[in-house]
Amino acid sequence: MITFKINDQEVSARPGWTVLETAREHDIDIPTLCFHPAVSASGACRLCMVELREGSWSKLVASCIYPVAEGLQVFTETERVRNVRRWVFEMLLAACPASPEIARMAAKHGVTSTRFESHDPEQTCMVCGLCARVCEEVVGLSAIATVDRGVHKRVGAPFAKPTDVCVACGSCVTICPTGAMQSIFDSIRGVPATNLTQLG
Ligand code: SF4
Ligand code: FES
């Protein structure tokens, strides 16, 4: 086992675990959006940032992809962490202004407005890629892809054409943290879904 500290509390982890996995194992809360234990972590949203300190030196890292190491000193609620968390929530509020899930989570952390400009008032997707990863890694298909670039980057069917690869299992809808896949789903298949099996 590897031993280190989170918020001055001694914790233990198996080799290969991340800081986030260890925190969750010890009931230490770190907010996340693009992480789900069923699929590989991507480090896309940066909401799970924590501060590592050693003497006067410190740095911020994404806890969902940062591997544990003996003697780490991790802090989850410092001023630097709260500042970056606020910044990430403001970015998300601007990127997904129509997502009640994002608004709810941001408000829970005291963020109810954003200084950043929104390019699409109807947008709910944060392009975190969780839907594509669950399709590929858990369902074993590749019915969802990231298409276009820059501010036009979005998820949809590969090559932006409806696909019959999709079996309408609904895993992507279930895993989506913003509620966006609910409205994207039919455009991936090109026909309304009739047999979703995973919807909660
Ligand atoms: S549809 Fe949902 S899961 Fe897929 S990229 Fe957008 S926010 Fe992430
Ligand atoms: S939850 Fe770690 S980067 Fe999104």
# chains A, B, ... in the order shown; residues from 1 in each chain; ligands from 1
call {"tool": "residues_near_ligand", "arguments": {"ligand": "ligand 1", "cutoff": "6 Å", "atoms": "only C-alpha atoms and all ligand atoms", "output": "ChimeraX atom specification"}}
result
/A:125-131,155,176-178,180-181
call {"tool": "residues_near_ligand", "arguments": {"ligand": "ligand 2", "cutoff": "6 Å", "atoms": "only C-alpha atoms and all ligand atoms", "output": "tab-separated table (two decimals) with all heavy atoms, in the first residue's frame"}}
result
chain	number	residue	atom	x	y	z
A	32	THR	N	-16.48	16.45	-9.40
A	32	THR	CA	-16.05	15.97	-10.73
A	32	THR	C	-17.20	16.11	-11.71
A	32	THR	O	-18.36	16.15	-11.31
A	32	THR	CB	-15.66	14.47	-10.69
A	32	THR	OG1	-16.81	13.71	-10.30
A	32	THR	CG2	-14.53	14.20	-9.73
A	33	LEU	N	-16.87	16.16	-12.98
A	33	LEU	CA	-17.92	16.12	-14.01
A	33	LEU	C	-17.58	15.11	-15.10
A	33	LEU	O	-18.41	14.31	-15.48
A	33	LEU	CB	-18.11	17.51	-14.63
A	33	LEU	CG	-19.23	18.35	-14.00
A	33	LEU	CD1	-19.18	19.77	-14.54
A	33	LEU	CD2	-20.60	17.74	-14.27
A	34	CYS	N	-16.34	15.14	-15.60
A	34	CYS	CA	-16.02	14.27	-16.73
A	34	CYS	C	-15.49	12.92	-16.29
A	34	CYS	O	-15.04	12.14	-17.11
A	34	CYS	CB	-15.02	14.95	-17.66
A	34	CYS	SG	-13.34	15.03	-17.02
A	35	PHE	N	-15.53	12.64	-14.98
A	35	PHE	CA	-15.04	11.36	-14.47
A	35	PHE	C	-16.21	10.43	-14.18
A	35	PHE	O	-17.22	10.84	-13.61
A	35	PHE	CB	-14.23	11.56	-13.19
A	35	PHE	CG	-13.82	10.27	-12.54
A	35	PHE	CD1	-12.70	9.58	-12.99
A	35	PHE	CD2	-14.57	9.72	-11.51
A	35	PHE	CE1	-12.34	8.36	-12.42
A	35	PHE	CE2	-14.21	8.51	-10.93
A	35	PHE	CZ	-13.09	7.84	-11.38
A	43	GLY	N	-9.47	13.68	-17.87
A	43	GLY	CA	-8.93	14.95	-17.37
A	43	GLY	C	-9.43	16.14	-18.16
A	43	GLY	O	-8.76	17.16	-18.24
A	44	ALA	N	-10.64	16.04	-18.71
A	44	ALA	CA	-11.12	17.07	-19.64
A	44	ALA	C	-11.67	18.32	-18.94
A	44	ALA	O	-11.46	19.42	-19.42
A	44	ALA	CB	-12.19	16.48	-20.56
A	45	CYS	N	-12.39	18.16	-17.84
A	45	CYS	CA	-13.12	19.33	-17.31
A	45	CYS	C	-12.32	20.15	-16.30
A	45	CYS	O	-12.63	21.31	-16.08
A	45	CYS	CB	-14.44	18.88	-16.69
A	45	CYS	SG	-14.30	18.07	-15.07
A	46	ARG	N	-11.33	19.58	-15.66
A	46	ARG	CA	-10.46	20.23	-14.67
A	46	ARG	C	-11.19	20.63	-13.38
A	46	ARG	O	-10.66	21.40	-12.58
A	46	ARG	CB	-9.74	21.48	-15.23
A	46	ARG	CG	-9.14	21.31	-16.59
A	46	ARG	CD	-8.35	20.05	-16.76
A	46	ARG	NE	-6.95	20.15	-16.39
A	46	ARG	CZ	-6.08	19.17	-16.52
A	46	ARG	NH1	-6.46	18.00	-17.01
A	46	ARG	NH2	-4.83	19.32	-16.16
A	47	LEU	N	-12.40	20.12	-13.19
A	47	LEU	CA	-13.13	20.48	-11.98
A	47	LEU	C	-12.55	19.81	-10.74
A	47	LEU	O	-12.72	20.29	-9.63
A	47	LEU	CB	-14.61	20.08	-12.15
A	47	LEU	CG	-15.56	20.55	-11.07
A	47	LEU	CD1	-15.53	22.07	-10.94
A	47	LEU	CD2	-16.97	20.08	-11.37
A	48	CYS	N	-11.84	18.72	-10.95
A	48	CYS	CA	-11.35	17.93	-9.81
A	48	CYS	C	-9.96	18.37	-9.35
A	48	CYS	O	-9.26	17.61	-8.69
A	48	CYS	CB	-11.32	16.46	-10.20
A	48	CYS	SG	-10.09	16.15	-11.49
A	62	ALA	N	-5.01	17.68	-11.76
A	62	ALA	CA	-6.34	17.07	-11.89
A	62	ALA	C	-6.30	15.73	-11.15
A	62	ALA	O	-5.60	14.81	-11.55
A	62	ALA	CB	-6.68	16.87	-13.36
A	63	SER	N	-7.07	15.64	-10.08
A	63	SER	CA	-6.97	14.47	-9.20
A	63	SER	C	-7.45	13.18	-9.88
A	63	SER	O	-7.06	12.09	-9.47
A	63	SER	CB	-7.76	14.70	-7.91
A	63	SER	OG	-9.13	14.88	-8.19
A	64	CYS	N	-8.29	13.29	-10.91
A	64	CYS	CA	-8.82	12.06	-11.54
A	64	CYS	C	-7.79	11.36	-12.41
A	64	CYS	O	-7.98	10.21	-12.80
A	64	CYS	CB	-10.08	12.36	-12.34
A	64	CYS	SG	-9.80	13.32	-13.84
call {"tool": "residues_around", "arguments": {"residues": "stretch 103-115 of chain A", "least_positions_apart": "2", "cutoff": "6 Å", "atoms": "only C-alpha atoms", "output": "PyMOL selection string"}}
result
chain A and resi 89-90+100-101
call {"tool": "atom_distance", "arguments": {"atom1": "atom CA of A:Phe159", "atom2": "atom CA of A:Gly190"}}
result
13.2 Å
call {"tool": "closest_residue", "arguments": {"among": "A:Ala95, A:Leu20, A:Ala157, A:Ala38", "to": "A:Thr174", "atoms": "only C-alpha atoms"}}
result
A:Ala38
call {"tool": "closest_residue", "arguments": {"among": "A:Gly140, A:Ser40, A:Val74, A:Arg24", "to": "A:Phe4", "atoms": "only C-alpha atoms"}}
result
A:Val74
call {"tool": "residues_around", "arguments": {"residues": "stretch 162-165 of chain A", "least_positions_apart": "3", "cutoff": "9 Å", "atoms": "only C-alpha atoms", "output": "PyMOL selection string"}}
result
chain A and resi 141-144+156-159+186-191
call {"tool": "atom_distance", "arguments": {"atom1": "atom CA of A:Val11", "atom2": "atom CA of A:Ser56"}}
result
22.3 Å
call {"tool": "select_by_dssp", "arguments": {"residues": "stretch 31-198 of chain A", "states": "strand (DSSP E)", "output": "list in words"}}
result
Met49, Val50, Glu51, Leu52, Arg53, Glu54, Trp57, Ser58, Lys59, Leu60, Val61, Ala62, Gln73, Val74, Phe75, Ala145, Thr146, Val147, Arg154, Val155 and Gly156 of chain A
call {"tool": "residues_around", "arguments": {"residues": "A:Leu60", "least_positions_apart": "6", "cutoff": "12 Å", "atoms": "only C-alpha atoms", "output": "VMD selection string"}}
result
chain A and resid 46 to 53 66 73 to 85
call {"tool": "atom_distance", "arguments": {"atom1": "atom CA of A:Glu70", "atom2": "atom CA of A:Val88"}}
result
28.9 Å
call {"tool": "select_by_dssp", "arguments": {"residues": "chain A", "states": "alpha helix (DSSP H)", "output": "PyMOL selection string"}}
result
chain A and resi 19-25+79-95+100-108+130-134+171-175+181-189
call {"tool": "residues_around", "arguments": {"residues": "A:Asp27", "least_positions_apart": "4", "cutoff": "12 Å", "atoms": "only C-alpha atoms", "output": "list of chain:residue names"}}
result
A:Ile6, A:Gln9, A:Val11, A:Leu20, A:Glu21, A:Thr22, A:Ala23
call {"tool": "closest_residue", "arguments": {"among": "A:Ile102, A:Ala132, A:Ala41, A:Leu93", "to": "A:Arg154", "atoms": "only C-alpha atoms"}}
result
A:Ala132
call {"tool": "decode", "arguments": {"residues": "stretch 60-71 of chain A", "atoms": "all heavy atoms", "output": "PDB file, in the first residue's frame"}}
result
ATOM      1  N   LEU A  60      -1.104  22.722  -8.893  1.00  0.00           N
ATOM      2  CA  LEU A  60      -2.465  22.208  -9.031  1.00  0.00           C
ATOM      3  C   LEU A  60      -2.459  21.058 -10.030  1.00  0.00           C
ATOM      4  O   LEU A  60      -1.820  21.155 -11.080  1.00  0.00           O
ATOM      5  CB  LEU A  60      -3.401  23.316  -9.528  1.00  0.00           C
ATOM      6  CG  LEU A  60      -3.630  24.481  -8.558  1.00  0.00           C
ATOM      7  CD1 LEU A  60      -4.346  25.620  -9.267  1.00  0.00           C
ATOM      8  CD2 LEU A  60      -4.421  24.031  -7.339  1.00  0.00           C
ATOM      9  N   VAL A  61      -3.158  19.985  -9.687  1.00  0.00           N
ATOM     10  CA  VAL A  61      -3.234  18.838 -10.604  1.00  0.00           C
ATOM     11  C   VAL A  61      -4.673  18.341 -10.664  1.00  0.00           C
ATOM     12  O   VAL A  61      -5.460  18.554  -9.740  1.00  0.00           O
ATOM     13  CB  VAL A  61      -2.319  17.672 -10.148  1.00  0.00           C
ATOM     14  CG1 VAL A  61      -0.865  18.106 -10.111  1.00  0.00           C
ATOM     15  CG2 VAL A  61      -2.756  17.113  -8.795  1.00  0.00           C
ATOM     16  N   ALA A  62      -5.006  17.683 -11.759  1.00  0.00           N
ATOM     17  CA  ALA A  62      -6.336  17.071 -11.891  1.00  0.00           C
ATOM     18  C   ALA A  62      -6.304  15.734 -11.154  1.00  0.00           C
ATOM     19  O   ALA A  62      -5.603  14.807 -11.555  1.00  0.00           O
ATOM     20  CB  ALA A  62      -6.679  16.874 -13.362  1.00  0.00           C
ATOM     21  N   SER A  63      -7.071  15.643 -10.077  1.00  0.00           N
ATOM     22  CA  SER A  63      -6.973  14.467  -9.203  1.00  0.00           C
ATOM     23  C   SER A  63      -7.452  13.183  -9.876  1.00  0.00           C
ATOM     24  O   SER A  63      -7.062  12.095  -9.475  1.00  0.00           O
ATOM     25  CB  SER A  63      -7.758  14.703  -7.914  1.00  0.00           C
ATOM     26  OG  SER A  63      -9.133  14.880  -8.190  1.00  0.00           O
ATOM     27  N   CYS A  64      -8.292  13.286 -10.910  1.00  0.00           N
ATOM     28  CA  CYS A  64      -8.822  12.063 -11.540  1.00  0.00           C
ATOM     29  C   CYS A  64      -7.785  11.362 -12.408  1.00  0.00           C
ATOM     30  O   CYS A  64      -7.984  10.210 -12.796  1.00  0.00           O
ATOM     31  CB  CYS A  64     -10.081  12.357 -12.345  1.00  0.00           C
ATOM     32  SG  CYS A  64      -9.795  13.318 -13.841  1.00  0.00           S
ATOM     33  N   ILE A  65      -6.694  12.070 -12.744  1.00  0.00           N
ATOM     34  CA  ILE A  65      -5.658  11.416 -13.558  1.00  0.00           C
ATOM     35  C   ILE A  65      -4.289  11.444 -12.869  1.00  0.00           C
ATOM     36  O   ILE A  65      -3.313  10.974 -13.433  1.00  0.00           O
ATOM     37  CB  ILE A  65      -5.537  12.061 -14.966  1.00  0.00           C
ATOM     38  CG1 ILE A  65      -5.377  13.571 -14.873  1.00  0.00           C
ATOM     39  CG2 ILE A  65      -6.724  11.698 -15.840  1.00  0.00           C
ATOM     40  CD1 ILE A  65      -5.087  14.237 -16.213  1.00  0.00           C
ATOM     41  N   TYR A  66      -4.222  12.003 -11.651  1.00  0.00           N
ATOM     42  CA  TYR A  66      -2.916  12.104 -10.987  1.00  0.00           C
ATOM     43  C   TYR A  66      -2.661  10.854 -10.138  1.00  0.00           C
ATOM     44  O   TYR A  66      -3.421  10.548  -9.221  1.00  0.00           O
ATOM     45  CB  TYR A  66      -2.849  13.360 -10.116  1.00  0.00           C
ATOM     46  CG  TYR A  66      -1.424  13.766  -9.818  1.00  0.00           C
ATOM     47  CD1 TYR A  66      -0.718  14.566 -10.701  1.00  0.00           C
ATOM     48  CD2 TYR A  66      -0.773  13.301  -8.674  1.00  0.00           C
ATOM     49  CE1 TYR A  66       0.596  14.917 -10.458  1.00  0.00           C
ATOM     50  CE2 TYR A  66       0.545  13.646  -8.420  1.00  0.00           C
ATOM     51  CZ  TYR A  66       1.221  14.457  -9.318  1.00  0.00           C
ATOM     52  OH  TYR A  66       2.528  14.792  -9.077  1.00  0.00           O
ATOM     53  N   PRO A  67      -1.585  10.126 -10.434  1.00  0.00           N
ATOM     54  CA  PRO A  67      -1.328   8.883  -9.698  1.00  0.00           C
ATOM     55  C   PRO A  67      -0.821   9.139  -8.282  1.00  0.00           C
ATOM     56  O   PRO A  67      -0.108  10.109  -8.039  1.00  0.00           O
ATOM     57  CB  PRO A  67      -0.251   8.196 -10.547  1.00  0.00           C
ATOM     58  CG  PRO A  67       0.420   9.296 -11.298  1.00  0.00           C
ATOM     59  CD  PRO A  67      -0.583  10.393 -11.479  1.00  0.00           C
ATOM     60  N   VAL A  68      -1.190   8.259  -7.381  1.00  0.00           N
ATOM     61  CA  VAL A  68      -0.734   8.398  -5.998  1.00  0.00           C
ATOM     62  C   VAL A  68       0.756   8.087  -5.907  1.00  0.00           C
ATOM     63  O   VAL A  68       1.306   7.366  -6.742  1.00  0.00           O
ATOM     64  CB  VAL A  68      -1.507   7.447  -5.059  1.00  0.00           C
ATOM     65  CG1 VAL A  68      -2.973   7.820  -5.016  1.00  0.00           C
ATOM     66  CG2 VAL A  68      -1.325   5.996  -5.474  1.00  0.00           C
ATOM     67  N   ALA A  69       1.394   8.664  -4.879  1.00  0.00           N
ATOM     68  CA  ALA A  69       2.808   8.380  -4.618  1.00  0.00           C
ATOM     69  C   ALA A  69       3.046   8.533  -3.127  1.00  0.00           C
ATOM     70  O   ALA A  69       2.357   9.321  -2.457  1.00  0.00           O
ATOM     71  CB  ALA A  69       3.705   9.336  -5.403  1.00  0.00           C
ATOM     72  N   GLU A  70       3.993   7.786  -2.630  1.00  0.00           N
ATOM     73  CA  GLU A  70       4.319   7.815  -1.208  1.00  0.00           C
ATOM     74  C   GLU A  70       4.658   9.248  -0.773  1.00  0.00           C
ATOM     75  O   GLU A  70       5.409   9.948  -1.457  1.00  0.00           O
ATOM     76  CB  GLU A  70       5.523   6.889  -0.970  1.00  0.00           C
ATOM     77  CG  GLU A  70       5.780   6.522   0.464  1.00  0.00           C
ATOM     78  CD  GLU A  70       4.696   5.638   1.068  1.00  0.00           C
ATOM     79  OE1 GLU A  70       4.177   4.760   0.359  1.00  0.00           O
ATOM     80  OE2 GLU A  70       4.366   5.847   2.246  1.00  0.00           O
ATOM     81  N   GLY A  71       4.062   9.693   0.332  1.00  0.00           N
ATOM     82  CA  GLY A  71       4.427  10.976   0.920  1.00  0.00           C
ATOM     83  C   GLY A  71       3.785  12.202   0.299  1.00  0.00           C
ATOM     84  O   GLY A  71       4.091  13.327   0.697  1.00  0.00           O
TER      85      GLY A  71
END
